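This report concerns only the one structure given below.
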Amino acid sequence: KVEKLKEFKDLPAMTTDGEKSMLAANIGTPNDVEGALKNGAEGIGLFRTEFLYMNRNNFPTEEEQFEAYKYVAEKMNGKPVTIRTLDIGGDKKLPYLNMPDEMNPFLGYRAIRLCLDEKEMFKTQLRALLRASAYGNILIMYPMISSVVEVRKANAILNEVKEELDAKDIKYDKNIKVGVMIEIPSAAVTADIIAKEVDFFSIGTNDLCQYTLAVDRMNEKIKDYYKPFNLAILRLIKNVIDASHKEGIFTAMCGEMAGDPLTTVILLGLGLDEFSMSASSIPTIKNIIRNVSKKKAQEFAKMVMEMSTPDEIEEASRKFLNEIT
Ligand code: PEP
Ligand code: MG
């Protein structure tokens, strides 16, 4: 079956009635690009940049970062590469950065919150990203946005960096797209407001589930409460997609849910524009998309949005998937 799926590598992720979706890969290091391309990724939907900062005793230099981002952009050869700014904190600490001990690190000083405080560190990363954008199709993405306020603050810093580069005549993509992860419920609920000030959304279902359902995503004991099929999650996802389309921007998803075969038809039906996942899942998801019509997916999504429990939705999804593949 896997061999057969390999044939799909160069076929588009197109429904039977001709609607195309974008299938992209999540990567953690520049070396992962090869696997992404081998599996037919049409872009990188999430490049986690933490690897540059971890397992070392000092900040990565602008040059080191520039080389890593440029490498990926060039290898992807014009295909979109969405690079997420540093998402440290929570369970991930840096020995060379003063980070407080916290009672609830996942509700604490992490990601964009930390970057807005550590301005020089943030500016170094943004400068490296902008410079690399001259060599490919880079998009910048901020993690852990809870409201439009952080978007404005981060963009103000980005503009400062752009002005500094302009003053020195350093090249970068002047039309670079800037988007945000939607992974905190407050951002999902206020997506209509945020959509007016960004170029795209990417839904991070790993954290969105954790925060919406109040379930630690690492805690085995309560894993039964961690249900992406929960109607609360699906309603938030629908709200985010609808809000983005109203403003003429796109919504991607880069959490684990995007690579789960049981959710593909629902997400397609809700109008998700881009699915980003671990590269090895791409052929399976593409196979599903190529075997369903957008119209049927919309009907199915509408039907499950009327159901009341995660188990009902999961069972209906399983049945539907068996029928089409
Ligand atoms: C997410 O939260 O869904 C996500 C993609 O980010 P991470 O798993 O890196 O927190
Ligand atoms: Mg996250």
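In the structure tokens, the first chain shown is A, the next is B, and so on; residue numbers restart at 1 for each chain, and ligands run from 1 in the order shown.
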### Task
Using only C-alpha atoms and all ligand atoms, find each residue with an atom at most 7 Å away from ligand 2 and format the answer as a PyMOL selection string.
chain A and resi 143-144+183+204+206-207
### Task
Please identify every polymer residue within 10 Å of ligand 1, using only C-alpha atoms and all ligand atoms, and present the set as an MDAnalysis selection string.
chainID A and resid 26 28 45:50 84 86:88 90 111 143:144 181:184 202:211 217 253:258 276:277
### Task
Can you pull out every residue within 12 Å of Ile249 of chain A, counting only C-alpha atoms, but drop anything in the same chain fewer than 5 positions away, and send it as number ranges by chain?
A: 177-180, 191-192, 194-202, 240-244, 272-274
### Task
as a ChimeraX atom specification, please: all residues of segment 132-325 of chain A that backbone DSSP puts in helix (DSSP H, G or I).
/A:132-135,148-167,185-189,191-197,205-213,220-225,231-246,256-259,264-270,279-289,294-304,310-324
### Message
as a VMD selection string, please: the residues near Leu114 of chain A (cut-off 12 Å, only C-alpha atoms, same-chain neighbours under 2 positions excluded).
### Response
chain A and resid 85 to 90 93 to 94 97 to 100 108 to 112 116 to 122 142 to 145 150 154
### Task
Write out as a list of chain:residue names which residues come within 12 Å of Leu321 of chain A when counting only C-alpha atoms, dropping same-chain ones fewer than 5 positions away.
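Residues meeting the cut-off are A:Asp260, A:Pro261, A:Leu262, A:Thr263, A:Thr264, A:Val265, A:Ile266, A:Thr284, A:Ile285, A:Asn287, A:Ile288, A:Ile289, A:Asn291, A:Val292, A:Lys296, A:Ala297, A:Phe300, A:Glu314, A:Glu315, A:Ala316.
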For the residues in the current selection, export N, CA, C and O atoms as an mmCIF file, in the first residue's frame.
```cif
data_model
loop_
_atom_site.group_PDB
_atom_site.id
_atom_site.type_symbol
_atom_site.label_atom_id
_atom_site.label_comp_id
_atom_site.auth_asym_id
_atom_site.auth_seq_id
_atom_site.Cartn_x
_atom_site.Cartn_y
_atom_site.Cartn_z
ATOM 1 N N ASP A 260 -3.950 13.677 10.745
ATOM 2 C CA ASP A 260 -4.768 12.563 11.221
ATOM 3 C C ASP A 260 -5.823 12.219 10.165
ATOM 4 O O ASP A 260 -6.719 13.018 9.899
ATOM 5 N N PRO A 261 -5.735 11.030 9.573
ATOM 6 C CA PRO A 261 -6.663 10.665 8.491
ATOM 7 C C PRO A 261 -8.130 10.791 8.902
ATOM 8 O O PRO A 261 -8.985 11.081 8.063
ATOM 9 N N LEU A 262 -8.414 10.599 10.177
ATOM 10 C CA LEU A 262 -9.813 10.646 10.614
ATOM 11 C C LEU A 262 -10.390 12.058 10.593
ATOM 12 O O LEU A 262 -11.608 12.237 10.639
ATOM 13 N N THR A 263 -9.539 13.064 10.543
ATOM 14 C CA THR A 263 -10.084 14.431 10.562
ATOM 15 C C THR A 263 -10.022 15.117 9.193
ATOM 16 O O THR A 263 -10.598 16.193 9.026
ATOM 17 N N THR A 264 -9.363 14.492 8.232
ATOM 18 C CA THR A 264 -9.135 15.149 6.932
ATOM 19 C C THR A 264 -10.427 15.646 6.281
ATOM 20 O O THR A 264 -10.509 16.800 5.835
ATOM 21 N N VAL A 265 -11.436 14.778 6.214
ATOM 22 C CA VAL A 265 -12.667 15.146 5.501
ATOM 23 C C VAL A 265 -13.384 16.304 6.206
ATOM 24 O O VAL A 265 -13.883 17.233 5.554
ATOM 25 N N ILE A 266 -13.391 16.268 7.528
ATOM 26 C CA ILE A 266 -14.028 17.361 8.276
ATOM 27 C C ILE A 266 -13.318 18.684 7.986
ATOM 28 O O ILE A 266 -13.955 19.699 7.674
ATOM 29 N N THR A 284 -0.756 9.629 2.621
ATOM 30 C CA THR A 284 -2.027 9.114 3.151
ATOM 31 C C THR A 284 -3.117 10.180 3.095
ATOM 32 O O THR A 284 -4.249 9.908 2.681
ATOM 33 N N ILE A 285 -2.774 11.389 3.509
ATOM 34 C CA ILE A 285 -3.770 12.468 3.519
ATOM 35 C C ILE A 285 -4.159 12.841 2.088
ATOM 36 O O ILE A 285 -5.333 13.079 1.777
ATOM 37 N N ASN A 287 -4.180 10.881 -0.463
ATOM 38 C CA ASN A 287 -5.035 9.814 -0.982
ATOM 39 C C ASN A 287 -6.499 10.030 -0.561
ATOM 40 O O ASN A 287 -7.421 9.827 -1.350
ATOM 41 N N ILE A 288 -6.703 10.475 0.664
ATOM 42 C CA ILE A 288 -8.067 10.730 1.150
ATOM 43 C C ILE A 288 -8.689 11.894 0.365
ATOM 44 O O ILE A 288 -9.808 11.794 -0.144
ATOM 45 N N ILE A 289 -7.939 12.976 0.261
ATOM 46 C CA ILE A 289 -8.469 14.162 -0.436
ATOM 47 C C ILE A 289 -8.833 13.824 -1.886
ATOM 48 O O ILE A 289 -9.848 14.280 -2.411
ATOM 49 N N ASN A 291 -9.997 11.200 -2.991
ATOM 50 C CA ASN A 291 -11.104 10.257 -3.094
ATOM 51 C C ASN A 291 -12.440 10.798 -2.594
ATOM 52 O O ASN A 291 -13.384 10.035 -2.411
ATOM 53 N N VAL A 292 -12.481 12.088 -2.366
ATOM 54 C CA VAL A 292 -13.739 12.665 -1.874
ATOM 55 C C VAL A 292 -14.014 13.956 -2.636
ATOM 56 O O VAL A 292 -13.088 14.588 -3.153
ATOM 57 N N LYS A 296 -19.204 16.697 -0.831
ATOM 58 C CA LYS A 296 -19.483 15.654 0.180
ATOM 59 C C LYS A 296 -18.797 15.975 1.498
ATOM 60 O O LYS A 296 -19.354 15.740 2.574
ATOM 61 N N ALA A 297 -17.592 16.489 1.417
ATOM 62 C CA ALA A 297 -16.848 16.838 2.635
ATOM 63 C C ALA A 297 -17.588 17.940 3.392
ATOM 64 O O ALA A 297 -17.689 17.912 4.620
ATOM 65 N N PHE A 300 -20.547 16.425 5.059
ATOM 66 C CA PHE A 300 -20.127 15.621 6.214
ATOM 67 C C PHE A 300 -19.749 16.521 7.398
ATOM 68 O O PHE A 300 -20.150 16.269 8.538
ATOM 69 N N GLU A 314 -16.020 10.709 15.978
ATOM 70 C CA GLU A 314 -14.937 9.821 15.575
ATOM 71 C C GLU A 314 -15.487 8.590 14.836
ATOM 72 O O GLU A 314 -14.955 8.181 13.808
ATOM 73 N N GLU A 315 -16.551 8.041 15.350
ATOM 74 C CA GLU A 315 -17.134 6.841 14.730
ATOM 75 C C GLU A 315 -17.659 7.163 13.326
ATOM 76 O O GLU A 315 -17.441 6.413 12.376
ATOM 77 N N ALA A 316 -18.337 8.280 13.211
ATOM 78 C CA ALA A 316 -18.865 8.684 11.894
ATOM 79 C C ALA A 316 -17.710 8.905 10.911
ATOM 80 O O ALA A 316 -17.801 8.537 9.734
#
```
### Query
Which neighbours of Val81 of chain A fall inside 12 Å, counting only C-alpha atoms, when residues of the same chain fewer than 2 positions from it are skipped, and could you give them as a ChimeraX atom specification?
/A:24-27,30,33,36,41-48,69-79,83-84,129,132-133,135-141,176-178,276
Writing out the chosen residues with N, CA and C atoms as a CSV table (one decimal), in the first residue's frame:
```
chain,number,residue,atom,x,y,z
A,24,ALA,N,1.6,20.4,3.1
A,24,ALA,CA,3.0,20.9,3.4
A,24,ALA,C,3.5,20.0,4.5
A,25,ALA,N,4.8,20.2,4.8
A,25,ALA,CA,5.5,19.4,5.8
A,25,ALA,C,5.9,20.3,7.0
A,26,ASN,N,5.9,19.7,8.2
A,26,ASN,CA,6.5,20.3,9.4
A,26,ASN,C,7.9,19.8,9.5
A,27,ILE,N,8.9,20.7,9.7
A,27,ILE,CA,10.3,20.3,9.9
A,27,ILE,C,10.9,20.9,11.2
A,30,PRO,N,17.0,21.8,9.2
A,30,PRO,CA,17.2,21.9,7.7
A,30,PRO,C,17.3,20.5,7.1
A,33,VAL,N,14.3,18.7,5.2
A,33,VAL,CA,13.8,19.1,3.9
A,33,VAL,C,13.7,18.0,2.9
A,36,ALA,N,10.8,15.9,3.3
A,36,ALA,CA,9.6,16.7,2.9
A,36,ALA,C,9.4,16.6,1.4
A,41,ALA,N,5.8,17.2,-0.5
A,41,ALA,CA,5.4,18.4,0.2
A,41,ALA,C,5.4,19.6,-0.8
A,42,GLU,N,4.4,20.4,-0.8
A,42,GLU,CA,4.3,21.5,-1.7
A,42,GLU,C,4.8,22.8,-1.0
A,43,GLY,N,5.3,22.6,0.2
A,43,GLY,CA,5.9,23.7,1.0
A,43,GLY,C,6.2,23.2,2.4
A,44,ILE,N,6.8,24.1,3.2
A,44,ILE,CA,7.0,23.8,4.6
A,44,ILE,C,6.0,24.7,5.3
A,45,GLY,N,5.1,24.0,6.0
A,45,GLY,CA,4.0,24.8,6.8
A,45,GLY,C,4.4,25.2,8.1
A,46,LEU,N,5.5,24.5,8.7
A,46,LEU,CA,6.0,24.9,10.0
A,46,LEU,C,7.5,24.4,10.1
A,47,PHE,N,8.3,25.4,10.2
A,47,PHE,CA,9.7,25.1,10.4
A,47,PHE,C,10.0,25.6,11.9
A,48,ARG,N,10.1,24.6,12.8
A,48,ARG,CA,10.4,25.0,14.2
A,48,ARG,C,11.8,25.4,14.3
A,69,TYR,N,18.1,29.2,7.5
A,69,TYR,CA,16.9,29.6,6.9
A,69,TYR,C,17.1,29.7,5.4
A,70,LYS,N,18.2,30.2,5.0
A,70,LYS,CA,18.5,30.4,3.5
A,70,LYS,C,18.6,29.0,2.9
A,71,TYR,N,19.3,28.0,3.6
A,71,TYR,CA,19.4,26.7,3.1
A,71,TYR,C,18.0,26.1,2.8
A,72,VAL,N,17.1,26.2,3.7
A,72,VAL,CA,15.8,25.6,3.5
A,72,VAL,C,15.0,26.3,2.4
A,73,ALA,N,15.1,27.6,2.4
A,73,ALA,CA,14.4,28.4,1.3
A,73,ALA,C,14.9,28.0,0.0
A,74,GLU,N,16.2,27.9,-0.2
A,74,GLU,CA,16.8,27.5,-1.5
A,74,GLU,C,16.5,26.1,-1.9
A,75,LYS,N,16.6,25.2,-0.9
A,75,LYS,CA,16.2,23.8,-1.2
A,75,LYS,C,14.8,23.7,-1.7
A,76,MET,N,13.9,24.5,-1.1
A,76,MET,CA,12.5,24.4,-1.5
A,76,MET,C,12.2,25.1,-2.8
A,77,ASN,N,13.2,25.8,-3.3
A,77,ASN,CA,13.1,26.3,-4.6
A,77,ASN,C,11.8,27.1,-5.0
A,78,GLY,N,11.5,28.1,-4.2
A,78,GLY,CA,10.4,28.9,-4.5
A,78,GLY,C,9.1,28.5,-3.9
A,79,LYS,N,9.0,27.3,-3.4
A,79,LYS,CA,7.8,26.8,-2.6
A,79,LYS,C,7.8,27.5,-1.3
A,83,ILE,N,8.4,29.9,8.5
A,83,ILE,CA,9.4,29.8,9.6
A,83,ILE,C,8.8,30.4,10.9
A,84,ARG,N,8.7,29.6,11.9
A,84,ARG,CA,8.1,30.1,13.2
A,84,ARG,C,9.2,30.7,14.0
A,129,LEU,N,15.9,36.1,9.4
A,129,LEU,CA,14.8,35.7,8.6
A,129,LEU,C,14.6,36.6,7.4
A,132,ALA,N,17.3,36.1,4.8
A,132,ALA,CA,17.1,34.8,4.1
A,132,ALA,C,16.0,34.9,3.1
A,133,SER,N,15.0,35.8,3.3
A,133,SER,CA,13.9,35.9,2.5
A,133,SER,C,14.2,36.4,1.1
A,135,TYR,N,16.3,34.9,-0.7
A,135,TYR,CA,16.7,33.7,-1.4
A,135,TYR,C,15.6,32.6,-1.6
A,136,GLY,N,14.4,33.0,-1.4
A,136,GLY,CA,13.3,32.0,-1.5
A,136,GLY,C,12.0,32.6,-1.1
A,137,ASN,N,11.0,31.7,-0.8
A,137,ASN,CA,9.7,32.2,-0.5
A,137,ASN,C,9.4,31.9,1.0
A,138,ILE,N,9.9,32.8,1.8
A,138,ILE,CA,9.8,32.7,3.3
A,138,ILE,C,8.6,33.5,3.8
A,139,LEU,N,7.9,32.8,4.7
A,139,LEU,CA,6.8,33.5,5.5
A,139,LEU,C,7.2,33.4,7.0
A,140,ILE,N,6.9,34.5,7.7
A,140,ILE,CA,7.3,34.6,9.1
A,140,ILE,C,6.0,34.3,9.9
A,141,MET,N,6.2,33.5,11.0
A,141,MET,CA,5.0,33.1,11.8
A,141,MET,C,5.3,33.3,13.3
A,176,ILE,N,7.1,40.2,2.2
A,176,ILE,CA,7.1,39.0,3.0
A,176,ILE,C,5.8,38.9,3.8
A,177,LYS,N,5.2,37.7,3.8
A,177,LYS,CA,4.0,37.5,4.5
A,177,LYS,C,4.3,37.2,6.0
A,178,VAL,N,3.4,37.7,6.8
A,178,VAL,CA,3.6,37.5,8.3
A,178,VAL,C,2.3,37.0,8.8
A,276,SER,N,-0.5,21.0,7.2
A,276,SER,CA,1.0,20.8,7.3
A,276,SER,C,1.2,19.7,8.4
```
Mind listing the strand (DSSP E or B) residues of segment 67-113 of chain A, per DSSP on the backbone, as a PDB file with C-alpha atoms, in the first residue's frame?
```pdb
ATOM      1  CA  PRO A  80       6.559  28.528   0.536  1.00  0.00           C
ATOM      2  CA  VAL A  81       8.572  28.021   3.730  1.00  0.00           C
ATOM      3  CA  THR A  82       6.799  29.145   6.890  1.00  0.00           C
ATOM      4  CA  ILE A  83       9.352  29.778   9.607  1.00  0.00           C
ATOM      5  CA  ARG A  84       8.147  30.119  13.167  1.00  0.00           C
ATOM      6  CA  GLY A  89       9.609  28.163  27.431  1.00  0.00           C
ATOM      7  CA  LYS A  92      11.842  23.865  26.903  1.00  0.00           C
TER       8      LYS A  92
END
```
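Using only C-alpha atoms, the smallest distance between any of A:Gly269, A:His245, A:Leu130, A:Leu213 and Asn175 of chain A comes from A:Leu130.
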### Task
Can you work out which one of A:Lys223, A:Asn159, A:Leu234, A:Phe59 has the shortest atom-to-atom distance to Met305 of chain A, counting only C-alpha atoms?
A:Leu234
### Task
Please provide as a list in words all residues within 6 Å of segment 5-18 of chain A, with the sequence filter that same-chain residues fewer than 4 positions apart are discarded (counting only C-alpha atoms).
Asn39, Gly40, Pro283, Lys286, Ile289, Arg290, Val292 and Ser293 of chain A
### Query
Counting only C-alpha atoms, which of A:Ala188, A:Leu231, A:Leu37, A:Ala252 gets nearest to Phe275 of chain A?
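The closest residue to Phe275 of chain A is A:Ala252.
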### Distance in Å - atom CA of Thr29 of chain A versus atom CA of Ala68 of chain A
8.4 Å
### Pairwise distance for atom CA of Met22 of chain A and atom CA of Glu247 of chain A, rounded to one decimal in Å
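Pair atom CA of Met22 of chain A / atom CA of Glu247 of chain A returns 19.3 Å.
The spacing separating atom CA of Ile157 of chain A from atom CA of Asp91 of chain A amounts to 26.1 Å.
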